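Data block for input_7.csv (CSV, C-alpha atoms):
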chain,number,residue,atom,x,y,z
A,16,MET,CA,0.0,0.0,0.0
A,17,SER,CA,3.0,2.3,-0.3
A,18,ASP,CA,1.6,4.0,-3.4
A,19,ALA,CA,-1.9,4.6,-1.8
A,20,SER,CA,-3.1,8.1,-1.2
A,21,PHE,CA,-5.6,9.1,1.4
A,22,ARG,CA,-8.2,11.8,2.0
A,23,VAL,CA,-10.8,12.5,4.6
A,24,ARG,CA,-13.9,14.5,3.9
A,25,VAL,CA,-16.4,16.1,6.3
A,26,THR,CA,-19.7,17.6,5.2
A,27,LYS,CA,-22.6,17.7,7.6
A,28,ASP,CA,-26.1,19.2,7.6
A,29,HIS,CA,-25.1,21.5,10.4
A,30,LEU,CA,-21.9,22.8,8.7
A,31,VAL,CA,-24.0,25.6,7.1
A,32,PHE,CA,-24.3,29.3,7.7
A,33,SER,CA,-26.8,31.9,6.8
A,34,ALA,CA,-25.1,35.2,5.9
A,35,ALA,CA,-25.6,38.3,3.9
A,36,HIS,CA,-23.1,39.8,1.4
A,37,PHE,CA,-22.8,41.8,-1.7
A,38,ILE,CA,-20.0,41.6,-4.3
A,39,THR,CA,-18.7,43.8,-7.1
A,40,PHE,CA,-17.9,42.6,-10.6
A,41,ASN,CA,-17.1,43.9,-14.0
A,42,GLY,CA,-15.4,47.0,-12.5
A,43,ASN,CA,-18.2,49.1,-11.1
A,44,ILE,CA,-21.2,46.8,-10.8
A,45,CYS,CA,-22.2,46.2,-7.2
A,46,GLU,CA,-24.9,43.7,-6.3
A,47,ARG,CA,-27.7,44.5,-3.9
A,48,LEU,CA,-27.3,43.2,-0.3
A,49,HIS,CA,-28.7,39.7,-0.2
A,50,GLY,CA,-28.2,36.4,1.7
A,51,HIS,CA,-27.5,32.8,1.2
A,52,ASN,CA,-27.7,29.6,3.2
A,53,TRP,CA,-24.1,28.5,2.5
A,54,ARG,CA,-23.1,24.9,2.8
A,55,THR,CA,-19.5,23.8,3.4
A,56,ALA,CA,-17.4,20.7,3.0
A,57,VAL,CA,-13.7,20.1,3.8
A,58,GLU,CA,-11.3,17.5,2.6
A,59,LEU,CA,-7.8,16.8,3.9
A,60,SER,CA,-5.2,14.7,2.1
A,61,GLY,CA,-2.0,13.2,3.4
A,62,PRO,CA,-0.4,10.0,4.6
A,63,LEU,CA,-1.8,7.8,7.4
A,64,ASP,CA,-0.5,8.6,10.8
A,65,GLU,CA,0.5,6.3,13.6
A,66,ASN,CA,-3.3,5.8,14.4
A,67,ARG,CA,-3.8,4.8,10.7
A,68,TYR,CA,-5.9,7.9,9.8
A,69,VAL,CA,-5.2,11.1,7.9
A,70,PHE,CA,-6.8,13.4,10.5
A,71,ASP,CA,-9.4,13.0,13.3
A,72,PHE,CA,-12.9,13.4,11.8
A,73,ILE,CA,-14.2,14.8,15.1
A,74,ALA,CA,-11.5,17.5,15.3
A,75,LEU,CA,-12.0,18.4,11.7
A,76,ARG,CA,-15.8,18.6,12.2
A,77,ASP,CA,-15.5,20.7,15.3
A,78,ALA,CA,-13.0,23.1,13.7
A,79,MET,CA,-15.4,23.6,10.7
A,80,GLN,CA,-18.3,24.1,13.1
A,81,LYS,CA,-16.5,26.8,15.0
A,82,ILE,CA,-15.8,28.7,11.8
A,83,VAL,CA,-19.3,28.4,10.3
A,84,THR,CA,-20.8,29.5,13.7
A,85,GLU,CA,-18.7,32.7,13.5
A,86,LEU,CA,-20.2,33.5,10.1
A,87,ASP,CA,-23.7,32.4,10.8
A,88,HIS,CA,-26.4,35.2,10.8
A,89,HIS,CA,-23.9,38.0,10.0
A,90,VAL,CA,-23.2,40.4,7.2
A,91,LEU,CA,-19.9,39.5,5.5
A,92,LEU,CA,-17.8,42.5,4.4
A,93,PRO,CA,-14.5,42.6,2.6
A,94,THR,CA,-11.7,44.7,4.2
A,95,ARG,CA,-9.3,44.5,1.2
A,96,HIS,CA,-11.6,45.6,-1.6
A,97,ARG,CA,-10.3,48.4,-3.8
A,98,GLN,CA,-13.6,50.2,-4.1
A,99,ILE,CA,-15.6,49.1,-1.1
A,100,ARG,CA,-14.6,51.1,2.0
A,101,VAL,CA,-15.3,49.6,5.3
A,102,GLN,CA,-15.0,51.7,8.4
A,103,THR,CA,-15.8,50.5,11.9
A,104,ASP,CA,-16.1,51.8,15.4
A,105,GLU,CA,-17.3,50.1,18.6
A,106,ARG,CA,-21.0,50.5,17.6
A,107,GLU,CA,-21.3,50.5,13.8
A,108,VAL,CA,-19.8,49.4,10.6
A,109,THR,CA,-20.2,51.6,7.5
A,110,ALA,CA,-19.5,50.2,4.0
A,111,THR,CA,-19.5,52.5,1.0
A,112,PHE,CA,-19.2,51.9,-2.7
A,113,GLU,CA,-19.4,54.9,-5.0
A,114,ASN,CA,-22.6,56.7,-3.9
A,115,ARG,CA,-24.0,53.8,-2.0
A,116,ARG,CA,-23.8,53.5,1.8
A,117,TRP,CA,-24.7,50.7,4.3
A,118,VAL,CA,-24.6,51.1,8.1
A,119,PHE,CA,-24.8,47.9,10.2
A,120,PRO,CA,-24.5,47.3,14.0
A,121,ARG,CA,-21.0,46.1,14.7
A,122,GLU,CA,-22.1,42.8,16.3
A,123,ASP,CA,-23.9,41.9,13.1
A,124,CYS,CA,-20.8,42.0,10.9
A,125,VAL,CA,-17.9,39.8,10.1
A,126,LEU,CA,-15.0,41.7,8.5
A,127,LEU,CA,-13.1,39.3,6.2
A,128,PRO,CA,-9.6,40.1,5.0
A,129,VAL,CA,-10.5,39.4,1.4
A,130,GLU,CA,-10.9,41.5,-1.7
A,131,ASN,CA,-14.5,40.4,-2.4
A,132,THR,CA,-17.0,38.3,-0.5
A,133,THR,CA,-17.3,35.8,-3.3
A,134,ALA,CA,-17.8,32.1,-2.5
A,135,GLU,CA,-14.2,31.5,-3.8
A,136,GLU,CA,-12.8,34.1,-1.4
A,137,ILE,CA,-14.8,32.7,1.5
A,138,ALA,CA,-13.6,29.2,0.7
A,139,ALA,CA,-10.0,30.4,0.7
A,140,TRP,CA,-10.5,32.3,4.0
A,141,ILE,CA,-12.0,29.1,5.6
A,142,ALA,CA,-9.1,27.0,4.2
A,143,ALA,CA,-6.6,29.4,5.8
A,144,ARG,CA,-8.3,29.2,9.1
A,145,LEU,CA,-8.3,25.4,8.9
A,146,GLN,CA,-4.6,25.4,8.0
A,147,LEU,CA,-3.9,27.0,11.5
A,148,VAL,CA,-5.9,24.1,13.1
A,149,VAL,CA,-4.0,21.5,11.1
A,150,ASN,CA,-0.6,23.0,11.8
A,151,ALA,CA,-1.4,23.1,15.5
A,152,GLN,CA,-1.9,19.3,15.6
A,153,PRO,CA,1.3,17.5,16.7
A,154,ASN,CA,2.8,15.2,14.0
A,155,SER,CA,0.3,16.4,11.4
A,156,ASN,CA,1.4,15.4,7.9
A,157,ILE,CA,-1.4,16.9,5.9
A,158,ASP,CA,-0.5,17.7,2.2
A,159,SER,CA,-3.5,19.7,1.2
A,160,ILE,CA,-6.7,21.2,2.5
A,161,GLN,CA,-9.7,21.6,0.2
A,162,VAL,CA,-12.7,23.7,1.2
A,163,GLU,CA,-15.9,23.8,-0.7
A,164,VAL,CA,-18.6,26.5,-0.2
A,165,GLU,CA,-22.0,26.2,-1.8
A,166,GLU,CA,-23.6,29.6,-2.3
A,167,ASN,CA,-26.8,28.3,-4.0
A,168,PHE,CA,-27.9,24.7,-4.7
A,169,GLY,CA,-25.4,23.2,-7.2
A,170,GLN,CA,-23.1,26.3,-7.3
A,171,TRP,CA,-19.9,25.4,-5.4
A,172,ALA,CA,-16.6,27.3,-5.1
A,173,ILE,CA,-13.6,25.2,-4.2
A,174,CYS,CA,-10.3,26.3,-2.8
A,175,GLN,CA,-7.4,23.9,-2.4
A,176,LEU,CA,-4.3,24.9,-0.4
A,177,SER,CA,-1.1,23.0,-0.2
A,178,VAL,CA,0.1,22.7,3.4
A,179,GLU,CA,3.7,23.6,3.8
A,180,CYS,CA,5.8,21.3,5.9
A,181,ARG,CA,6.4,22.6,9.4
Mind turning this structure into structure tokens?
Amino acid sequence: MSDASFRVRVTKDHLVFSAAHFITFNGNICERLHGHNWRTAVELSGPLDENRYVFDFIALRDAMQKIVTELDHHVLLPTRHRQIRVQTDEREVTATFENRRWVFPREDCVLLPVENTTAEEIAAWIAARLQLVVNAQPNSNIDSIQVEVEENFGQWAICQLSVECR
């Protein structure tokens, strides 16, 4: 079995989050604020460890649950967008795009360090968060992390990160 490769995958009915967002595209087109019931899945690849598994399913599930809980029932706003300006104080978050302006209670927002709150960027952000979890595991030999985010039924964005050796 030396040439075998292994992957573990977790997707559960509870690994979902409801969140609002808006994105820009084609230069200066900005969508209206709207929401989705986003579904997620994660897959890790790597060799078997001394326990004969790639990664503990429960630890992976719990890490994903923590992340989706942070996003659930929030407005997702990009902090690295070239045209959307996000300003925050202890009470409010103000987002502006050209002559449009949105004001939200601070506790209702998650500010993501992304350029646009597309499903692709959200998948990459989740993958980066999971990489921290994977790297914190002693003797982890994960080769890659793949995160899938479904924005609408049948419309998935997928990000795969190679995990650097520690």
* Structure fact -> Between A:Ala74, A:Met79, A:Ala34, A:Ala19, smallest distance to Arg144 (chain A) by all atoms listed in the file belongs to A:Met79
Would you pick out the contacts of Gln102 (chain A) at 12 Å or less, using all atoms listed in the file, so that residues sharing its chain but fewer than 2 positions from it are not included, and give the list as an mmCIF file with C-alpha atoms, in the coordinates of the input?
data_model
loop_
_atom_site.group_PDB
_atom_site.id
_atom_site.type_symbol
_atom_site.label_atom_id
_atom_site.label_comp_id
_atom_site.auth_asym_id
_atom_site.auth_seq_id
_atom_site.Cartn_x
_atom_site.Cartn_y
_atom_site.Cartn_z
ATOM 1 C CA LEU A 92 -17.800 42.500 4.400
ATOM 2 C CA PRO A 93 -14.500 42.600 2.600
ATOM 3 C CA THR A 94 -11.700 44.700 4.200
ATOM 4 C CA ARG A 95 -9.300 44.500 1.200
ATOM 5 C CA ILE A 99 -15.600 49.100 -1.100
ATOM 6 C CA ARG A 100 -14.600 51.100 2.000
ATOM 7 C CA ASP A 104 -16.100 51.800 15.400
ATOM 8 C CA GLU A 105 -17.300 50.100 18.600
ATOM 9 C CA ARG A 106 -21.000 50.500 17.600
ATOM 10 C CA GLU A 107 -21.300 50.500 13.800
ATOM 11 C CA VAL A 108 -19.800 49.400 10.600
ATOM 12 C CA THR A 109 -20.200 51.600 7.500
ATOM 13 C CA ALA A 110 -19.500 50.200 4.000
ATOM 14 C CA THR A 111 -19.500 52.500 1.000
ATOM 15 C CA PHE A 112 -19.200 51.900 -2.700
ATOM 16 C CA ARG A 116 -23.800 53.500 1.800
ATOM 17 C CA TRP A 117 -24.700 50.700 4.300
ATOM 18 C CA VAL A 118 -24.600 51.100 8.100
ATOM 19 C CA PHE A 119 -24.800 47.900 10.200
ATOM 20 C CA PRO A 120 -24.500 47.300 14.000
ATOM 21 C CA ARG A 121 -21.000 46.100 14.700
ATOM 22 C CA CYS A 124 -20.800 42.000 10.900
ATOM 23 C CA LEU A 126 -15.000 41.700 8.500
#
* Interatomic distance between CA of Asn167 (chain A) and CA of Leu75 (chain A)? -> 23.7 Å
* Asked: What is the distance between CA of Cys45 (chain A) and CA of Glu113 (chain A), in Å to one decimal?
  ->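 Here the two named atoms are 9.4 Å from each other.
Considering only C-alpha atoms, the residue among A:Gln161, A:Ser20, A:Ser177, A:Gln170 positioned nearest to Thr133 (chain A) is A:Gln170.
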* If we count only C-alpha atoms, what is near Val83 (chain A) at a cut-off of 10 Å, once residues fewer than 5 positions away on the same chain are taken out, given as a VMD selection string? -> chain A and resid 29 to 34 53 to 55 77 to 78 88 141
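Ranking A:Leu127, A:Leu176, A:Ala142, A:Val162 by their shortest atom-to-atom distance to Glu85 (chain A), with all atoms listed in the file included, puts A:Leu127 first.
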* Asked: For the atom pair CA of Glu65 (chain A) and CA of Asp158 (chain A), what is the interatomic distance in Å to one decimal place?
  -> 16.2 Å
* Which one is closest to Glu46 (chain A): A:His96, A:His89, A:Arg115, A:Arg67? Count all atoms listed in the file. ->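 Of A:His96, A:His89, A:Arg115, A:Arg67, the one nearest Glu46 (chain A) is A:Arg115, counting all atoms listed in the file.
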* To do: Using only C-alpha atoms, find the one residue out of A:Ala139, A:Ile44, A:Ile38, A:Leu59 that sits nearest to Thr26 (chain A).
  => A:Leu59
Because some atoms of region 112-138 of chain A are absent here, can you restore N, CA and C atoms and send them as a PDB file, in the coordinates of the input?
ATOM      1  N   PHE A 112     -19.664  52.189  -1.333  1.00  0.00           N
ATOM      2  CA  PHE A 112     -19.200  51.900  -2.700  1.00  0.00           C
ATOM      3  C   PHE A 112     -19.825  52.981  -3.574  1.00  0.00           C
ATOM      4  N   GLU A 113     -18.953  53.752  -4.199  1.00  0.00           N
ATOM      5  CA  GLU A 113     -19.400  54.900  -5.000  1.00  0.00           C
ATOM      6  C   GLU A 113     -20.378  55.718  -4.195  1.00  0.00           C
ATOM      7  N   ASN A 114     -21.620  55.889  -4.675  1.00  0.00           N
ATOM      8  CA  ASN A 114     -22.600  56.700  -3.900  1.00  0.00           C
ATOM      9  C   ASN A 114     -23.513  55.915  -3.042  1.00  0.00           C
ATOM     10  N   ARG A 115     -23.210  54.628  -2.839  1.00  0.00           N
ATOM     11  CA  ARG A 115     -24.000  53.800  -2.000  1.00  0.00           C
ATOM     12  C   ARG A 115     -23.394  53.654  -0.610  1.00  0.00           C
ATOM     13  N   ARG A 116     -24.255  53.536   0.418  1.00  0.00           N
ATOM     14  CA  ARG A 116     -23.800  53.500   1.800  1.00  0.00           C
ATOM     15  C   ARG A 116     -24.645  52.547   2.610  1.00  0.00           C
ATOM     16  N   TRP A 117     -24.012  51.653   3.370  1.00  0.00           N
ATOM     17  CA  TRP A 117     -24.700  50.700   4.300  1.00  0.00           C
ATOM     18  C   TRP A 117     -24.158  50.926   5.661  1.00  0.00           C
ATOM     19  N   VAL A 118     -25.025  50.942   6.654  1.00  0.00           N
ATOM     20  CA  VAL A 118     -24.600  51.100   8.100  1.00  0.00           C
ATOM     21  C   VAL A 118     -25.218  49.868   8.802  1.00  0.00           C
ATOM     22  N   PHE A 119     -24.352  49.126   9.514  1.00  0.00           N
ATOM     23  CA  PHE A 119     -24.800  47.900  10.200  1.00  0.00           C
ATOM     24  C   PHE A 119     -24.322  48.024  11.686  1.00  0.00           C
ATOM     25  N   PRO A 120     -25.059  47.392  12.603  1.00  0.00           N
ATOM     26  CA  PRO A 120     -24.500  47.300  14.000  1.00  0.00           C
ATOM     27  C   PRO A 120     -23.246  46.434  13.926  1.00  0.00           C
ATOM     28  N   ARG A 121     -22.259  46.811  14.712  1.00  0.00           N
ATOM     29  CA  ARG A 121     -21.000  46.100  14.700  1.00  0.00           C
ATOM     30  C   ARG A 121     -21.085  44.636  14.955  1.00  0.00           C
ATOM     31  N   GLU A 122     -21.962  44.259  15.894  1.00  0.00           N
ATOM     32  CA  GLU A 122     -22.100  42.800  16.300  1.00  0.00           C
ATOM     33  C   GLU A 122     -22.741  42.005  15.155  1.00  0.00           C
ATOM     34  N   ASP A 123     -23.309  42.647  14.152  1.00  0.00           N
ATOM     35  CA  ASP A 123     -23.900  41.900  13.100  1.00  0.00           C
ATOM     36  C   ASP A 123     -23.007  41.653  11.885  1.00  0.00           C
ATOM     37  N   CYS A 124     -21.758  42.078  11.984  1.00  0.00           N
ATOM     38  CA  CYS A 124     -20.800  42.000  10.900  1.00  0.00           C
ATOM     39  C   CYS A 124     -19.630  41.102  11.155  1.00  0.00           C
ATOM     40  N   VAL A 125     -19.161  40.447  10.118  1.00  0.00           N
ATOM     41  CA  VAL A 125     -17.900  39.800  10.100  1.00  0.00           C
ATOM     42  C   VAL A 125     -17.042  40.437   9.039  1.00  0.00           C
ATOM     43  N   LEU A 126     -15.926  41.012   9.444  1.00  0.00           N
ATOM     44  CA  LEU A 126     -15.000  41.700   8.500  1.00  0.00           C
ATOM     45  C   LEU A 126     -13.992  40.650   8.056  1.00  0.00           C
ATOM     46  N   LEU A 127     -14.017  40.326   6.779  1.00  0.00           N
ATOM     47  CA  LEU A 127     -13.100  39.300   6.200  1.00  0.00           C
ATOM     48  C   LEU A 127     -11.962  39.970   5.500  1.00  0.00           C
ATOM     49  N   PRO A 128     -10.739  39.517   5.734  1.00  0.00           N
ATOM     50  CA  PRO A 128      -9.600  40.100   5.000  1.00  0.00           C
ATOM     51  C   PRO A 128      -9.475  39.526   3.618  1.00  0.00           C
ATOM     52  N   VAL A 129     -10.473  39.848   2.804  1.00  0.00           N
ATOM     53  CA  VAL A 129     -10.500  39.400   1.400  1.00  0.00           C
ATOM     54  C   VAL A 129     -10.841  40.582   0.516  1.00  0.00           C
ATOM     55  N   GLU A 130     -10.646  40.394  -0.789  1.00  0.00           N
ATOM     56  CA  GLU A 130     -10.900  41.500  -1.700  1.00  0.00           C
ATOM     57  C   GLU A 130     -12.388  41.574  -2.111  1.00  0.00           C
ATOM     58  N   ASN A 131     -13.097  40.465  -2.076  1.00  0.00           N
ATOM     59  CA  ASN A 131     -14.500  40.400  -2.400  1.00  0.00           C
ATOM     60  C   ASN A 131     -15.130  39.263  -1.714  1.00  0.00           C
ATOM     61  N   THR A 132     -16.347  39.381  -1.258  1.00  0.00           N
ATOM     62  CA  THR A 132     -17.000  38.300  -0.500  1.00  0.00           C
ATOM     63  C   THR A 132     -17.626  37.276  -1.441  1.00  0.00           C
ATOM     64  N   THR A 133     -16.868  36.818  -2.412  1.00  0.00           N
ATOM     65  CA  THR A 133     -17.300  35.800  -3.300  1.00  0.00           C
ATOM     66  C   THR A 133     -17.198  34.415  -2.590  1.00  0.00           C
ATOM     67  N   ALA A 134     -17.895  33.435  -3.099  1.00  0.00           N
ATOM     68  CA  ALA A 134     -17.800  32.100  -2.500  1.00  0.00           C
ATOM     69  C   ALA A 134     -16.355  31.583  -2.587  1.00  0.00           C
ATOM     70  N   GLU A 135     -15.632  31.931  -3.654  1.00  0.00           N
ATOM     71  CA  GLU A 135     -14.200  31.500  -3.800  1.00  0.00           C
ATOM     72  C   GLU A 135     -13.371  32.098  -2.676  1.00  0.00           C
ATOM     73  N   GLU A 136     -13.554  33.393  -2.414  1.00  0.00           N
ATOM     74  CA  GLU A 136     -12.800  34.100  -1.400  1.00  0.00           C
ATOM     75  C   GLU A 136     -13.132  33.546   0.023  1.00  0.00           C
ATOM     76  N   ILE A 137     -14.411  33.277   0.233  1.00  0.00           N
ATOM     77  CA  ILE A 137     -14.800  32.700   1.500  1.00  0.00           C
ATOM     78  C   ILE A 137     -14.247  31.338   1.715  1.00  0.00           C
ATOM     79  N   ALA A 138     -14.236  30.523   0.661  1.00  0.00           N
ATOM     80  CA  ALA A 138     -13.600  29.200   0.700  1.00  0.00           C
ATOM     81  C   ALA A 138     -12.134  29.305   1.075  1.00  0.00           C
TER      82      ALA A 138
END
